[in-house]
$ cat coords15.json   # JSON, C-alpha atoms and all ligand atoms
[["chain", "number", "residue", "atom", "x", "y", "z"],
["A", 1, "MET", "CA", 82.86, 117.70, 33.75],
["A", 2, "PRO", "CA", 80.43, 114.78, 33.31],
["A", 3, "LYS", "CA", 76.79, 115.78, 32.88],
["A", 4, "PRO", "CA", 74.78, 115.28, 36.09],
["A", 5, "SER", "CA", 72.35, 112.33, 35.86],
["A", 6, "PRO", "CA", 68.66, 113.19, 35.62],
["A", 7, "ARG", "CA", 66.95, 113.44, 39.02],
["A", 8, "LEU", "CA", 63.42, 112.65, 40.14],
["A", 9, "ALA", "CA", 61.80, 115.83, 41.47],
["A", 10, "GLU", "CA", 58.54, 116.28, 43.36],
["A", 11, "VAL", "CA", 56.21, 119.27, 43.25],
["A", 12, "LEU", "CA", 56.30, 120.87, 46.73],
["A", 13, "LYS", "CA", 54.16, 123.91, 45.97],
["A", 14, "THR", "CA", 52.62, 125.64, 42.97],
["A", 15, "THR", "CA", 51.47, 129.26, 42.83],
["A", 16, "ARG", "CA", 50.10, 131.49, 40.07],
["A", 17, "ILE", "CA", 52.31, 134.53, 40.74],
["A", 18, "SER", "CA", 50.79, 136.57, 37.88],
["A", 19, "PRO", "CA", 48.24, 135.89, 35.10],
["A", 20, "SER", "CA", 50.92, 134.37, 32.85],
["A", 21, "ILE", "CA", 53.33, 132.75, 35.29],
["A", 22, "GLN", "CA", 53.06, 129.62, 37.38],
["A", 23, "ARG", "CA", 55.84, 129.26, 39.97],
["A", 24, "ILE", "CA", 56.60, 125.59, 40.66],
["A", 25, "HIS", "CA", 58.65, 124.55, 43.70],
["A", 26, "LEU", "CA", 60.47, 121.28, 43.08],
["A", 27, "GLY", "CA", 62.12, 119.20, 45.78],
["A", 28, "GLY", "CA", 62.68, 115.65, 46.95],
["A", 29, "GLU", "CA", 65.65, 113.55, 48.05],
["A", 30, "GLU", "CA", 67.34, 113.55, 44.64],
["A", 31, "LEU", "CA", 67.65, 117.34, 44.75],
["A", 32, "ASN", "CA", 69.80, 117.07, 47.91],
["A", 33, "ALA", "CA", 73.03, 117.76, 46.10],
["A", 34, "PHE", "CA", 71.63, 120.37, 43.70],
["A", 35, "PRO", "CA", 74.51, 122.81, 43.10],
["A", 36, "THR", "CA", 74.55, 126.58, 43.56],
["A", 37, "VAL", "CA", 73.99, 128.08, 40.12],
["A", 38, "THR", "CA", 74.83, 131.31, 38.31],
["A", 39, "PRO", "CA", 72.13, 133.55, 36.73],
["A", 40, "GLY", "CA", 70.80, 132.00, 33.52],
["A", 41, "ALA", "CA", 71.39, 128.38, 34.59],
["A", 42, "TYR", "CA", 68.63, 126.04, 33.46],
["A", 43, "ILE", "CA", 67.13, 122.60, 33.93],
["A", 44, "LYS", "CA", 65.27, 120.39, 31.45],
["A", 45, "LEU", "CA", 61.86, 119.02, 32.39],
["A", 46, "MET", "CA", 61.43, 115.56, 30.85],
["A", 47, "PHE", "CA", 58.23, 114.27, 29.22],
["A", 48, "ASP", "CA", 57.30, 111.12, 27.34],
["A", 49, "LEU", "CA", 56.30, 111.42, 23.71],
["A", 50, "ASN", "CA", 52.63, 111.79, 24.72],
["A", 51, "GLY", "CA", 53.48, 114.85, 26.82],
["A", 52, "ARG", "CA", 53.21, 113.10, 30.19],
["A", 53, "PRO", "CA", 55.93, 113.81, 32.78],
["A", 54, "LEU", "CA", 58.61, 111.11, 32.93],
["A", 55, "THR", "CA", 59.04, 109.56, 36.36],
["A", 56, "SER", "CA", 62.08, 107.40, 35.59],
["A", 57, "ALA", "CA", 65.07, 107.84, 33.29],
["A", 58, "GLY", "CA", 63.86, 107.56, 29.68],
["A", 59, "GLU", "CA", 65.70, 105.96, 26.80],
["A", 60, "LYS", "CA", 67.25, 108.30, 24.25],
["A", 61, "GLY", "CA", 64.74, 109.14, 21.53],
["A", 62, "ASN", "CA", 61.80, 108.24, 23.77],
["A", 63, "PHE", "CA", 61.37, 111.50, 25.58],
["A", 64, "ALA", "CA", 61.11, 115.23, 25.02],
["A", 65, "MET", "CA", 62.78, 117.91, 27.08],
["A", 66, "ARG", "CA", 61.70, 121.47, 27.87],
["A", 67, "THR", "CA", 64.15, 124.08, 29.15],
["A", 68, "TYR", "CA", 63.46, 126.23, 32.24],
["A", 69, "THR", "CA", 65.69, 128.71, 34.06],
["A", 70, "VAL", "CA", 66.49, 127.92, 37.67],
["A", 71, "ASN", "CA", 64.71, 130.84, 39.29],
["A", 72, "SER", "CA", 65.98, 130.10, 42.80],
["A", 73, "VAL", "CA", 67.80, 127.44, 44.81],
["A", 74, "ASN", "CA", 66.90, 127.17, 48.51],
["A", 75, "PRO", "CA", 70.22, 127.08, 50.44],
["A", 76, "ASP", "CA", 68.59, 125.41, 53.47],
["A", 77, "LYS", "CA", 66.77, 122.47, 51.92],
["A", 78, "PRO", "CA", 66.51, 120.58, 48.61],
["A", 79, "GLU", "CA", 64.20, 122.96, 46.76],
["A", 80, "ILE", "CA", 64.40, 124.91, 43.53],
["A", 81, "THR", "CA", 61.79, 127.05, 41.78],
["A", 82, "VAL", "CA", 60.98, 127.54, 38.11],
["A", 83, "ASP", "CA", 58.68, 130.28, 36.74],
["A", 84, "MET", "CA", 56.74, 128.79, 33.83],
["A", 85, "VAL", "CA", 54.94, 130.95, 31.25],
["A", 86, "LEU", "CA", 51.41, 129.74, 30.53],
["A", 87, "HIS", "CA", 51.18, 130.26, 26.82],
["A", 88, "ALA", "CA", 48.52, 129.33, 24.29],
["A", 89, "THR", "CA", 49.43, 130.26, 20.73],
["A", 90, "ASP", "CA", 46.34, 130.01, 18.56],
["A", 91, "GLY", "CA", 45.01, 127.34, 20.86],
["A", 92, "LEU", "CA", 48.26, 125.37, 20.65],
["A", 93, "THR", "CA", 50.17, 124.74, 23.79],
["A", 94, "GLY", "CA", 52.97, 122.40, 24.72],
["A", 95, "PRO", "CA", 53.55, 119.65, 27.28],
["A", 96, "ALA", "CA", 55.45, 121.92, 29.67],
["A", 97, "ALA", "CA", 52.91, 124.75, 29.80],
["A", 98, "ALA", "CA", 50.07, 122.21, 30.10],
["A", 99, "TRP", "CA", 51.92, 120.44, 32.94],
["A", 100, "ALA", "CA", 52.51, 123.77, 34.73],
["A", 101, "VAL", "CA", 48.77, 124.55, 34.78],
["A", 102, "ASN", "CA", 47.77, 121.13, 36.09],
["A", 103, "ALA", "CA", 50.67, 120.22, 38.42],
["A", 104, "GLN", "CA", 49.61, 119.24, 41.95],
["A", 105, "ILE", "CA", 51.62, 118.93, 45.16],
["A", 106, "GLY", "CA", 53.24, 115.47, 45.19],
["A", 107, "ASP", "CA", 53.41, 115.11, 41.37],
["A", 108, "LYS", "CA", 56.74, 113.72, 40.14],
["A", 109, "ILE", "CA", 58.86, 114.63, 37.12],
["A", 110, "MET", "CA", 62.39, 113.83, 35.96],
["A", 111, "ILE", "CA", 64.68, 116.83, 35.50],
["A", 112, "ALA", "CA", 68.05, 117.02, 33.76],
["A", 113, "GLY", "CA", 70.79, 119.56, 34.43],
["A", 114, "PRO", "CA", 71.56, 122.13, 35.62],
["A", 115, "GLY", "CA", 73.31, 123.58, 32.60],
["A", 116, "THR", "CA", 74.91, 127.01, 32.50],
["A", 117, "SER", "CA", 74.69, 129.73, 29.88],
["A", 118, "LYS", "CA", 77.01, 132.62, 29.01],
["A", 119, "GLY", "CA", 76.56, 135.47, 31.49],
["A", 120, "LEU", "CA", 77.09, 139.20, 31.16],
["A", 121, "SER", "CA", 80.43, 140.33, 29.81],
["A", 122, "GLU", "CA", 82.65, 141.16, 32.82],
["A", 123, "SER", "CA", 83.85, 144.52, 31.56],
["A", 124, "TYR", "CA", 81.27, 147.19, 30.83],
["A", 125, "ASP", "CA", 80.26, 150.78, 31.55],
["A", 126, "TRP", "CA", 76.53, 150.02, 31.60],
["A", 127, "VAL", "CA", 74.15, 147.12, 31.09],
["A", 128, "LEU", "CA", 71.19, 146.32, 28.87],
["A", 129, "LEU", "CA", 69.11, 143.30, 29.91],
["A", 130, "ALA", "CA", 66.04, 142.50, 27.86],
["A", 131, "GLY", "CA", 63.57, 139.78, 27.04],
["A", 132, "ASP", "CA", 60.03, 138.50, 27.29],
["A", 133, "LEU", "CA", 58.52, 136.67, 30.27],
["A", 134, "THR", "CA", 60.48, 133.48, 29.51],
["A", 135, "ALA", "CA", 63.64, 135.48, 30.25],
["A", 136, "LEU", "CA", 62.34, 137.14, 33.42],
["A", 137, "PRO", "CA", 63.92, 134.63, 35.87],
["A", 138, "SER", "CA", 67.32, 135.16, 34.22],
["A", 139, "ILE", "CA", 66.93, 138.93, 34.10],
["A", 140, "ARG", "CA", 65.84, 138.97, 37.76],
["A", 141, "ASN", "CA", 68.91, 136.97, 38.83],
["A", 142, "HIS", "CA", 71.29, 139.02, 36.71],
["A", 143, "LEU", "CA", 69.86, 142.26, 38.15],
["A", 144, "ALA", "CA", 70.26, 140.93, 41.70],
["A", 145, "SER", "CA", 73.92, 140.09, 41.05],
["A", 146, "LEU", "CA", 74.90, 143.52, 39.65],
["A", 147, "PRO", "CA", 77.05, 145.88, 41.72],
["A", 148, "LYS", "CA", 75.05, 148.65, 43.48],
["A", 149, "ASP", "CA", 76.55, 151.35, 41.26],
["A", 150, "ALA", "CA", 75.62, 149.64, 37.96],
["A", 151, "LYS", "CA", 73.55, 151.67, 35.52],
["A", 152, "GLY", "CA", 71.54, 150.87, 32.42],
["A", 153, "TYR", "CA", 68.23, 149.31, 31.45],
["A", 154, "ALA", "CA", 66.12, 146.19, 31.95],
["A", 155, "VAL", "CA", 63.38, 145.88, 29.32],
["A", 156, "ILE", "CA", 60.75, 143.17, 29.78],
["A", 157, "SER", "CA", 57.94, 142.62, 27.32],
["A", 158, "ILE", "CA", 54.65, 141.40, 28.79],
["A", 159, "GLU", "CA", 51.06, 140.74, 27.71],
["A", 160, "HIS", "CA", 49.23, 142.01, 30.80],
["A", 161, "ASN", "CA", 49.82, 144.85, 33.24],
["A", 162, "ASP", "CA", 49.31, 142.33, 36.02],
["A", 163, "ASP", "CA", 52.43, 140.44, 34.93],
["A", 164, "ILE", "CA", 54.55, 143.25, 36.36],
["A", 165, "VAL", "CA", 56.44, 142.00, 39.41],
["A", 166, "SER", "CA", 58.82, 143.83, 41.71],
["A", 167, "LEU", "CA", 62.51, 143.45, 40.91],
["A", 168, "GLU", "CA", 65.55, 144.13, 43.07],
["A", 169, "THR", "CA", 67.74, 146.46, 40.98],
["A", 170, "PRO", "CA", 70.57, 148.95, 41.43],
["A", 171, "GLU", "CA", 69.11, 152.47, 41.61],
["A", 172, "ALA", "CA", 70.48, 153.59, 38.26],
["A", 173, "VAL", "CA", 69.07, 150.66, 36.29],
["A", 174, "ASP", "CA", 65.74, 151.71, 34.75],
["A", 175, "VAL", "CA", 63.19, 148.92, 34.48],
["A", 176, "ILE", "CA", 60.88, 149.27, 31.47],
["A", 177, "TRP", "CA", 57.80, 147.02, 31.22],
["A", 178, "GLU", "CA", 56.75, 146.99, 27.59],
["A", 179, "ILE", "CA", 53.13, 145.96, 27.10],
["A", 180, "LYS", "CA", 51.93, 144.47, 23.81],
["A", 181, "SER", "CA", 54.44, 146.35, 21.67],
["A", 182, "SER", "CA", 57.67, 145.36, 20.00],
["A", 183, "LEU", "CA", 60.78, 144.52, 22.01],
["A", 184, "THR", "CA", 62.90, 145.55, 19.01],
["A", 185, "GLU", "CA", 61.27, 149.00, 18.84],
["A", 186, "THR", "CA", 61.59, 149.60, 22.56],
["A", 187, "ILE", "CA", 65.25, 148.60, 22.59],
["A", 188, "SER", "CA", 66.05, 150.70, 19.55],
["A", 189, "SER", "CA", 64.39, 153.77, 21.10],
["A", 190, "LEU", "CA", 66.57, 153.68, 24.26],
["A", 191, "THR", "CA", 69.10, 156.46, 24.77],
["A", 192, "TRP", "CA", 72.47, 154.77, 24.94],
["A", 193, "HIS", "CA", 74.76, 155.70, 27.84],
["A", 194, "GLU", "CA", 78.39, 156.68, 27.33],
["A", 195, "GLY", "CA", 80.88, 153.81, 27.00],
["A", 196, "GLN", "CA", 80.62, 150.12, 26.32],
["A", 197, "PRO", "CA", 77.48, 148.18, 27.34],
["A", 198, "ALA", "CA", 77.20, 144.54, 28.37],
["A", 199, "VAL", "CA", 74.07, 143.29, 26.61],
["A", 200, "TRP", "CA", 72.05, 140.19, 27.62],
["A", 201, "ILE", "CA", 68.88, 139.39, 25.64],
["A", 202, "ALA", "CA", 66.62, 136.32, 25.39],
["A", 203, "CYS", "CA", 63.26, 136.25, 23.62],
["A", 204, "GLU", "CA", 61.29, 134.81, 20.71],
["A", 205, "PHE", "CA", 63.30, 133.69, 17.65],
["A", 206, "SER", "CA", 62.21, 136.40, 15.13],
["A", 207, "ASP", "CA", 62.58, 139.14, 17.75],
["A", 208, "MET", "CA", 66.05, 137.81, 18.55],
["A", 209, "ARG", "CA", 67.07, 137.99, 14.88],
["A", 210, "ASN", "CA", 65.72, 141.55, 14.47],
["A", 211, "ILE", "CA", 67.44, 142.80, 17.61],
["A", 212, "ARG", "CA", 70.71, 141.04, 16.75],
["A", 213, "ARG", "CA", 70.69, 142.65, 13.28],
["A", 214, "TRP", "CA", 70.01, 146.08, 14.78],
["A", 215, "LEU", "CA", 72.81, 145.73, 17.35],
["A", 216, "LYS", "CA", 75.25, 144.73, 14.64],
["A", 217, "ASP", "CA", 74.22, 147.21, 11.93],
["A", 218, "GLU", "CA", 73.34, 150.27, 14.01],
["A", 219, "LYS", "CA", 75.48, 149.88, 17.12],
["A", 220, "SER", "CA", 78.46, 147.79, 15.90],
["A", 221, "LEU", "CA", 78.38, 146.05, 19.26],
["A", 222, "PRO", "CA", 81.48, 143.84, 19.73],
["A", 223, "HIS", "CA", 80.60, 140.14, 19.86],
["A", 224, "GLU", "CA", 82.16, 139.66, 23.33],
["A", 225, "GLN", "CA", 79.82, 142.30, 24.83],
["A", 226, "LEU", "CA", 76.73, 140.39, 23.72],
["A", 227, "TYR", "CA", 74.69, 137.37, 24.81],
["A", 228, "ILE", "CA", 71.58, 136.98, 22.66],
["A", 229, "SER", "CA", 69.48, 133.86, 22.39],
["A", 230, "SER", "CA", 66.05, 132.74, 21.27],
["A", 231, "TYR", "CA", 64.20, 130.92, 24.07],
["A", 232, "TRP", "CA", 61.26, 129.82, 21.90],
["A", 233, "LYS", "CA", 59.86, 130.20, 18.39],
["A", 234, "LYS", "CA", 56.28, 131.02, 17.36],
["A", 235, "GLY", "CA", 54.55, 127.99, 15.84],
["A", 236, "ARG", "CA", 57.41, 125.57, 16.64],
["A", 237, "SER", "CA", 57.85, 123.16, 19.55],
["A", 238, "GLU", "CA", 61.12, 123.29, 21.48],
["A", 239, "ASP", "CA", 62.43, 120.27, 19.53],
["A", 240, "GLN", "CA", 61.72, 122.03, 16.20],
["A", 241, "HIS", "CA", 63.02, 125.36, 17.51],
["A", 242, "LYS", "CA", 66.32, 123.70, 18.48],
["A", 243, "ILE", "CA", 66.87, 122.68, 14.83],
["A", 244, "ASP", "CA", 66.07, 126.21, 13.55],
["A", 245, "LYS", "CA", 68.30, 127.72, 16.21],
["A", 246, "ARG", "CA", 71.26, 125.54, 15.26],
["A", 247, "GLN", "CA", 70.87, 126.42, 11.55],
["A", 248, "ASP", "CA", 70.58, 130.11, 12.39],
["A", 249, "SER", "CA", 73.73, 130.09, 14.59],
["A", 250, "GLU", "CA", 75.72, 128.31, 11.89],
["A", 251, "ALA", "CA", 74.59, 130.78, 9.21],
["A", 252, "TYR", "CA", 75.28, 133.73, 11.53],
["A", 253, "ALA", "CA", 78.78, 132.46, 12.43],
["A", 254, "LYS", "CA", 79.53, 131.97, 8.71],
["A", 255, "ALA", "CA", 78.32, 135.49, 7.85],
["A", 256, "LEU", "CA", 80.42, 136.96, 10.69],
["A", 257, "ALA", "CA", 83.52, 135.10, 9.50],
["A", 258, "GLU", "CA", 83.01, 136.37, 5.94],
["A", 259, "SER", "CA", 82.32, 139.99, 6.92],
["B", 301, "LIG", "C1", 67.94, 128.55, 28.21],
["B", 301, "LIG", "C2", 66.41, 128.66, 28.22],
["B", 301, "LIG", "C3", 65.76, 129.03, 29.39],
["B", 301, "LIG", "C4", 64.35, 129.15, 29.41],
["B", 301, "LIG", "N1", 63.75, 129.53, 30.58],
["B", 301, "LIG", "C5", 62.39, 129.63, 30.63],
["B", 301, "LIG", "C6", 61.73, 129.99, 31.85],
["B", 301, "LIG", "O1", 62.35, 130.17, 32.91],
["B", 301, "LIG", "N2", 60.37, 130.11, 31.83],
["B", 301, "LIG", "C7", 59.63, 129.86, 30.68],
["B", 301, "LIG", "O2", 58.40, 129.97, 30.73],
["B", 301, "LIG", "N3", 60.24, 129.50, 29.53],
["B", 301, "LIG", "C8", 61.59, 129.37, 29.48],
["B", 301, "LIG", "N4", 62.20, 129.00, 28.33],
["B", 301, "LIG", "C9", 61.34, 128.79, 27.13],
["B", 301, "LIG", "C10", 60.67, 127.42, 27.12],
["B", 301, "LIG", "O3", 61.66, 126.40, 27.11],
["B", 301, "LIG", "C11", 59.80, 127.33, 25.84],
["B", 301, "LIG", "O4", 58.78, 128.29, 25.89],
["B", 301, "LIG", "C12", 59.24, 125.93, 25.60],
["B", 301, "LIG", "O5", 59.02, 125.81, 24.21],
["B", 301, "LIG", "C13", 57.93, 125.66, 26.33],
["B", 301, "LIG", "O6", 57.59, 124.30, 26.12],
["B", 301, "LIG", "P1", 56.08, 123.80, 25.90],
["B", 301, "LIG", "O7", 56.10, 122.33, 26.04],
["B", 301, "LIG", "O8", 55.15, 124.59, 26.78],
["B", 301, "LIG", "O9", 55.75, 124.24, 24.40],
["B", 301, "LIG", "P2", 56.33, 123.56, 23.01],
["B", 301, "LIG", "O10", 55.84, 122.16, 22.89],
["B", 301, "LIG", "O11", 57.81, 123.76, 22.98],
["B", 301, "LIG", "O12", 55.61, 124.48, 21.94],
["B", 301, "LIG", "C14", 54.20, 124.32, 21.63],
["B", 301, "LIG", "C15", 53.67, 125.63, 21.01],
["B", 301, "LIG", "O13", 53.71, 126.66, 21.99],
["B", 301, "LIG", "C16", 54.42, 127.81, 21.46],
["B", 301, "LIG", "N5", 55.21, 128.42, 22.59],
["B", 301, "LIG", "C17", 56.26, 127.88, 23.26],
["B", 301, "LIG", "N6", 56.69, 128.74, 24.20],
["B", 301, "LIG", "C18", 55.90, 129.84, 24.12],
["B", 301, "LIG", "C19", 55.84, 131.07, 24.85],
["B", 301, "LIG", "N7", 56.67, 131.35, 25.88],
["B", 301, "LIG", "N8", 54.88, 131.98, 24.51],
["B", 301, "LIG", "C20", 54.00, 131.73, 23.49],
["B", 301, "LIG", "N9", 54.00, 130.56, 22.76],
["B", 301, "LIG", "C21", 54.95, 129.63, 23.09],
["B", 301, "LIG", "C22", 55.34, 127.25, 20.39],
["B", 301, "LIG", "O14", 55.62, 128.25, 19.45],
["B", 301, "LIG", "C23", 54.50, 126.13, 19.81],
["B", 301, "LIG", "O15", 53.58, 126.63, 18.85],
["B", 301, "LIG", "C24", 63.60, 128.87, 28.25],
["B", 301, "LIG", "C25", 64.26, 128.45, 27.08],
["B", 301, "LIG", "C26", 65.65, 128.36, 27.06],
["B", 301, "LIG", "C27", 66.34, 127.91, 25.79]]
$ encode --input "coords15.json" --output "structure tokens"
Amino acid sequence: MPKPSPRLAEVLKTTRISPSIQRIHLGGEELNAFPTVTPGAYIKLMFDLNGRPLTSAGEKGNFAMRTYTVNSVNPDKPEITVDMVLHATDGLTGPAAAWAVNAQIGDKIMIAGPGTSKGLSESYDWVLLAGDLTALPSIRNHLASLPKDAKGYAVISIEHNDDIVSLETPEAVDVIWEIKSSLTETISSLTWHEGQPAVWIACEFSDMRNIRRWLKDEKSLPHEQLYISSYWKKGRSEDQHKIDKRQDSEAYAKALAES
């Protein structure tokens, strides 16, 4: 399928839903034919090389893109929402987080996508969904699409108690909000249910590598039962992270093939 052309979107509403998350509602004529998406689908917000939002299609090499999960698509009108984490690592922040803080109703920005990502494995006895706040929109949408009798865990790591939001989950899925501790430790302290899990995890790059190693070494989790991805990397912009991520996937695939 050809990639959809970038669209011009307009900020319809912006709300701080918790200390760390700004929810941005995007709409406008060009979002008229925005498709229905599966959990984990994402768009790319487009910026010029000075970090300003692009308002017309840029030329290759002259813009930067930042990836955000489609949190919701309004079925009645052209409107989607994205939940953007407001981060500041040692005073550094990026164009997307800075834009999220300052966006005003009526502001315009080009968006590319949507793209889809691998979902939960279809066959499982229980589920494990985990990640930091960047993964919360995906985790929320996966939880909402589970059958009512699903069981398992959703583990979300947060910085502030006030970042806890209510989630629609099947009764037997325990939601664990992990505050200022390690996602790897929390996941490795869970009591595993009987049978095969479907595991979906997205988080910071080093955490991803630690958890992936633990799942392989300690749990021998079959590859097809697992989606694990880094959504960002400490000290690296998304463009730099993409390079590290590609190198890591190649090295991991090689190691798997040789093992
Ligand atoms: C498939 C996918 C879906 C994603 N969905 C979401 C989403 O729904 N919501 C969301 O908030 N993010 C999401 N992300 C992560 C988001 O794309 C990155 O956090 C992105 O780097 C933010 O861009 P920026 O311009 O703010 O910062 P960049 O310019 O990319 O980075 C600048 C600095 O900020 C640091 N940084 C970047 N992100 C974070 C963070 N979250 N916490 C702390 N420090 C950070 C970097 O390490 C770097 O030092 C997703 C990523 C992927 C791959």
$ residues_around --input "coords15.json" --residues "range 34-51 of chain A" --least-positions-apart "6" --cutoff "6 Å" --atoms "only C-alpha atoms" --output "PyMOL selection string"
chain A and resi 63-70+95+110-117+138+141-142
$ residues_around --input "coords15.json" --residues "Leu31 in chain A" --least-positions-apart "5" --cutoff "9 Å" --atoms "all atoms listed in the file" --output "short mmCIF file (atom, residue, chain, number, x, y, z; two decimals) with C-alpha atoms, keeping the file's coordinate frame"
data_model
loop_
_atom_site.label_atom_id
_atom_site.label_comp_id
_atom_site.auth_asym_id
_atom_site.auth_seq_id
_atom_site.Cartn_x
_atom_site.Cartn_y
_atom_site.Cartn_z
CA ARG A 7 66.95 113.44 39.02
CA LEU A 8 63.42 112.65 40.14
CA ALA A 9 61.80 115.83 41.47
CA LEU A 26 60.47 121.28 43.08
CA LYS A 77 66.77 122.47 51.92
CA PRO A 78 66.51 120.58 48.61
CA GLU A 79 64.20 122.96 46.76
CA ILE A 80 64.40 124.91 43.53
#
$ closest_residue --input "coords15.json" --among "A:Ser259, A:Thr186, A:Asn161, A:Ser230" --to "ligand LIG 301 (chain B)" --atoms "all atoms listed in the file"
A:Ser230
$ closest_residue --input "coords15.json" --among "A:Trp126, A:Trp99, A:Trp214, A:Tyr227" --to "Pro147 in chain A" --atoms "only C-alpha atoms"
A:Trp126
$ closest_residue --input "coords15.json" --among "A:Pro75, A:Pro6, A:Pro137, A:Gly27" --to "Ala202 in chain A" --atoms "only C-alpha atoms"
A:Pro137
$ atom_distance --input "coords15.json" --atom1 "CA of Asp125 in chain A" --atom2 "atom N3 of ligand LIG 301 (chain B)"
29.3 Å
$ axis_aligned_box --input "coords15.json" --around "ligand LIG 301 (chain B)" --padding-each-side "3 Å" --output "JSON"
{"center_x": 60.8, "center_y": 127.1, "center_z": 25.9, "size_x": 20.4, "size_y": 15.8, "size_z": 20.1}
$ closest_residue --input "coords15.json" --among "A:Asp132, A:Glu59, A:Glu122, A:Asp162" --to "Leu146 in chain A" --atoms "all atoms listed in the file"
A:Glu122
$ closest_residue --input "coords15.json" --among "A:Met84, A:Ile17, A:Met208, A:Leu226" --to "ligand LIG 301 (chain B)" --atoms "all atoms listed in the file"
A:Met84
$ atom_distance --input "coords15.json" --atom1 "CA of Asp239 in chain A" --atom2 "atom O11 of ligand LIG 301 (chain B)"
6.7 Å
$ closest_residue --input "coords15.json" --among "A:Ser5, A:Ser20, A:Ser229, A:Asn71" --to "Lys245 in chain A" --atoms "all atoms listed in the file"
A:Ser229
$ atom_distance --input "coords15.json" --atom1 "CA of Ile179 in chain A" --atom2 "CA of Leu221 in chain A"
26.4 Å
$ residues_around --input "coords15.json" --residues "Arg213 in chain A" --least-positions-apart "3" --cutoff "12 Å" --atoms "all atoms listed in the file" --output "JSON, numbers by chain"
{"A": [184, 188, 206, 207, 208, 209, 210, 216, 217, 218, 219, 220, 221, 228, 252, 255, 256]}
$ residues_near_point --input "coords15.json" --point "(63.9, 147.5, 30.8)" --cutoff "9 Å" --atoms "all atoms listed in the file" --output "list in words"
Leu128, Leu129, Ala130, Gly131, Gly152, Tyr153, Ala154, Val155, Ile156, Ser157, Val173, Asp174, Val175, Ile176, Trp177, Glu178, Thr186 and Ile187 of chain A
$ write_last_selection --input "coords15.json" --atoms "C-alpha atoms" --output "tab-separated table (two decimals), keeping the file's coordinate frame"
chain	number	residue	atom	x	y	z
A	128	LEU	CA	71.19	146.32	28.87
A	129	LEU	CA	69.11	143.30	29.91
A	130	ALA	CA	66.04	142.50	27.86
A	131	GLY	CA	63.57	139.78	27.04
A	152	GLY	CA	71.54	150.87	32.42
A	153	TYR	CA	68.23	149.31	31.45
A	154	ALA	CA	66.12	146.19	31.95
A	155	VAL	CA	63.38	145.88	29.32
A	156	ILE	CA	60.75	143.17	29.78
A	157	SER	CA	57.94	142.62	27.32
A	173	VAL	CA	69.07	150.66	36.29
A	174	ASP	CA	65.74	151.71	34.75
A	175	VAL	CA	63.19	148.92	34.48
A	176	ILE	CA	60.88	149.27	31.47
A	177	TRP	CA	57.80	147.02	31.22
A	178	GLU	CA	56.75	146.99	27.59
A	186	THR	CA	61.59	149.60	22.56
A	187	ILE	CA	65.25	148.60	22.59
